[in-house]
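Report on the following structure.
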Amino acid sequence: MVDDKEKNMKCLTFFLMLPETVKNRSKKSSKKTNTGGGGGGSSSSSSSNSNSKLPPVCYEIITLKTKKKKKMAADIFPRKKPANSSSTTVQQYHQQNLSNNNLIPAPNWQGLYPTIRERYIYCDEIDLAADTVLATLYAAKKYIVPHLARACVNFLETSLSAKNACVLLSQSCLFEEPDLTQRCWEVIDAQAELALKSEGFCDIDFQTLESILRRETLNAKEIVVFEAALNWAEVECQRQDLALSIENKRKVLGKALYLIRIPTMALDDFANGAAQSGVLTLNETNDIFLWYTAAKKPELQFVSKARKGLVPQRCHRFQSCAYRSNQWRYRGRCDSIQFAVDKRVFIAGFGLYGSSCGSAEYSAKIELKRQGVVLGQNLSKYFSDGSSNTFPVWFEYPVQIEPDTFYTASVILDGNELSYFGQEGMTEVQCGKVTVQFQCSSDSTNGTGVQGGQIPELIFYA
C-alpha cells in the first residue's frame with residue numbers, strides 16, 4: 001500500500017501543475033455570490049451558503065478521504081527554519097515580487113532554498129557514475145534543479161583527467177558551466193600531449209577542435225598537435241560516412257588546418273611527418289621548406305609564431321645549500337621527500353643539485369608516487385657546471401597532483417660522489433597561489449628529509 005505521505009506528495013505535485021484558472025476557482029465562486037439582486041435573496045443566500053462551504057482547491061486536492069483529521073500541506077510537510085542568510089534571501093525575493101505586483105514565481109525559485117524539503121522535490125541519495133553523470137547534468141539543467149547540477153559538476157571536476165578533459169570541455173560549453181570549462185583548460189594546457197593523444201579528443205565537435213588548435217598556452221610539440229588533428233579528421237570522416245581519403249580528411253578539417261602552427265615544428269618533424277602526410281599541397285610544402293631555409297621567407301596561410309605554452313613554477317624548499325669534503329654521497333641509494341598541495345597542480349619535474357667538485361654529468365631516475373602507486377617516472381641525464389645552482393630533470397609528461405593528499409618524490413642519482421645538498425629546510429612553502437607542505441618519507445634511504453638533503457625543487461604548472 002502506498003502510505004499517506006506519498007499520496008499527499010503526488011496530490012501536491014498534481015496541484016502545482018494545474019493552471020492558474022483552476023487554482024482560482026474558489027475566488028471566482030465567492031464573487032458570484034455577491035451579484036444576486038433583492039428579489040432572489042433566498043436563492044442568493046442559499047447559493048452563498050453553499051459556496052461558502054466549498055474548501056479551496058488546494059485543500060480539496062490534498063485532503064485524504066479517511067477518517068483522520070484533515071491536514072494542509074504545511075502541516076504534513078513542515079519546513080525547517082532556514083539559516084539567517086537563506087531566510088533573508090527568500091524574504092527579499094518574495095518582497096521584490098510583491099513590490100513588482102508579480103504573483104508568478106520565477107523559474108529558478110528552487111535555487112533560493114538550500115534543502116530538498118524546502119524545494120518540494122522528491123530525491124533519493126545522489127549516486128553519480130561516470131557513464132551517467134552527463135545525462136544527469138542534462139536533466140538537472142532542463143528541469144532547473146541547481147543543487148543536483150552542482151553535484152554533477154563537482155563530480156566531473158574531481159574525475160577530470162587528460163583522458164576526458166577534451167570531451168568535458170565540449171560538454172561544459174554546452175551546459176554553460178564556466179568553472180568546469182576553466183578546469184578543463186587547466187588540464188589540457190598542462191597535459192596537452194596526453195589530452196591530444198586520448199581517444200576522447202576524436203569525439204569532440206568541430207567548434208571545440210578549433211578552440212583547442214587556436215590555444216596559445218597549449219603545452220605540446222606542434223607535430224603532436226598535427227597528428228591529433230589528423231586522427232580527429234579520420235573519425236569525423238566516419239561520422240559523416242565519407243571515404244577515408246586524404247582529400248576528405250582535409251575537407252573535414254577545413255580552415256582549422258591553418259590553425260596548426262606547422263612552420264614552428266622542428267625541421268625533422270616537418271620533413272619526416274607533416275611534409276609526407278599528403279594533407280598539404282605541393283605548393284604549401286614547398287613554401288614551408290623555404291620558410292625554414294630561405295633568407296626571404298614566403299607568405300604562409302599557417303600561423304608561423306610559436307605557442308607561448310606554460311611557464312613552469314619552481315618551489316624551492318631549502319633556505320641555503322652547502323658541500324663538505326665527505327658529503328653528499330649516493331651509491332645507488334634513494335633520496336625521497338613527501339609533499340602535499342592545496343590546489344591541483346601538475347608536476348613537470350624536479351630541480352636537482354650537481355657536483356661540488358667541478359663540472360660533471362649525472363644519471364637520474366626520478367619517480368612520483370601516491371600511496372605506493374607510481375604515477376610518473378623517467379630516466380635521464382643532466383650536466384652540472386660545478387655551481388650550487390639547481391638543474392631541471394623532467395618527466396615525460398606532467399603528472400596531475402590533487403590537493404590535500406601527500407605524494408612521494410624520489411630520485412636515485414649516479415655520478416660524482418660529492419655534490420651540494422640543501423640546509424634549513426621548510427615544512428611549508430608558498431609558491432604564488434599554491435601552498436606546498438613537506439614531510440619526511442620512509443622511502444628515503446640516503447639521508448634526505450625535511451631539514452636537509454636532495455630534491456631541492458619541485459617544478460610544476462598551476
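In the C-alpha cells, each chain is lettered A, B, ... as it comes, each chain's residues begin at 1, and ligands are numbered from 1 in order of appearance.
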
Could you tell me, as a PyMOL selection string, which residues of range 268-444 of chain A DSSP assigns to strand (DSSP E or B) when given the backbone?
chain A and resi 313-316+318-322+324+327+334-341+345-352+355+360-370+373-384+391-401+407-414+419+421-425+428-431+434-440

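Shell of Val374 in chain A at 12 Å, with only C-alpha atoms counted and residues fewer than 3 places along the chain excluded, is Ile366, Glu367, Leu368, Lys369, Arg370, Gln371, Gln377, Asn378, Val399, Tyr407, Thr408, Ala409 and Ser410 of chain A.
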
In Å, with one decimal, what is the gap from CA of Asp287 in chain A to CA of Ala229 in chain A?
21.1 Å

Residue contacts of range 170-186 of chain A (12 Å, only C-alpha atoms) excluding same-chain residues fewer than 5 positions away, as a ChimeraX atom specification:
/A:133-142,146,149-150,152-165,191-192,195,200-212,215-219,309-310,343-346,400,461-462

Using DSSP on the backbone coordinates, identify all residues within range 161-400 of chain A classified as helix (DSSP H, G or I); present the result as a ChimeraX atom specification.
/A:165-174,178-190,192-197,199-203,206-213,222-239,246-259,262-264,267-272,274-276,282-293

Nearest-residue call for Val434 in chain A, choices A:Lys255, A:Arg314, A:Lys197, A:Lys249, using only C-alpha atoms
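Of A:Lys255, A:Arg314, A:Lys197, A:Lys249, the one nearest Val434 in chain A, counting only C-alpha atoms, is A:Arg314.
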
So that I can check the surroundings of Glu227 in chain A, please list as an NGL selection string every protein, DNA and RNA residue that reaches within 10 Å of it, counting only C-alpha atoms and ignoring chain neighbours fewer than 3 positions away.
:A and (196-197 or 222-224 or 230-233 or 273-274 or 277)

Write out, as a PDB file, in the first residue's frame, the residues just selected, with C-alpha atoms.
ATOM      1  CA  LEU A 196      45.568  15.271 -27.656  1.00  0.00           C
ATOM      2  CA  LYS A 197      46.514  11.590 -27.817  1.00  0.00           C
ATOM      3  CA  GLU A 222      53.385  21.080 -32.849  1.00  0.00           C
ATOM      4  CA  ILE A 223      53.892  17.685 -34.509  1.00  0.00           C
ATOM      5  CA  VAL A 224      51.687  16.178 -31.764  1.00  0.00           C
ATOM      6  CA  LEU A 230      44.577  14.073 -38.494  1.00  0.00           C
ATOM      7  CA  ASN A 231      43.256  11.468 -36.041  1.00  0.00           C
ATOM      8  CA  TRP A 232      40.195  13.644 -35.409  1.00  0.00           C
ATOM      9  CA  ALA A 233      39.681  14.094 -39.158  1.00  0.00           C
ATOM     10  CA  GLY A 273      55.926  13.961 -40.671  1.00  0.00           C
ATOM     11  CA  ALA A 274      53.761  16.762 -41.998  1.00  0.00           C
ATOM     12  CA  SER A 277      51.362  13.187 -44.760  1.00  0.00           C
TER      13      SER A 277
END

Go through A:Gly447, A:Gly422, A:Pro403, A:Gly453 and flag the residue nearest Ser320 in chain A, using only C-alpha atoms for the distances.
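For Ser320 in chain A, the nearest of the given residues is A:Gly422.
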
Using only C-alpha atoms, which residue out of A:Gln437, A:Tyr397, A:Phe318, A:Ser388 lies closest to Leu375 in chain A?
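Among the listed residues, A:Tyr397 lies closest to Leu375 in chain A.
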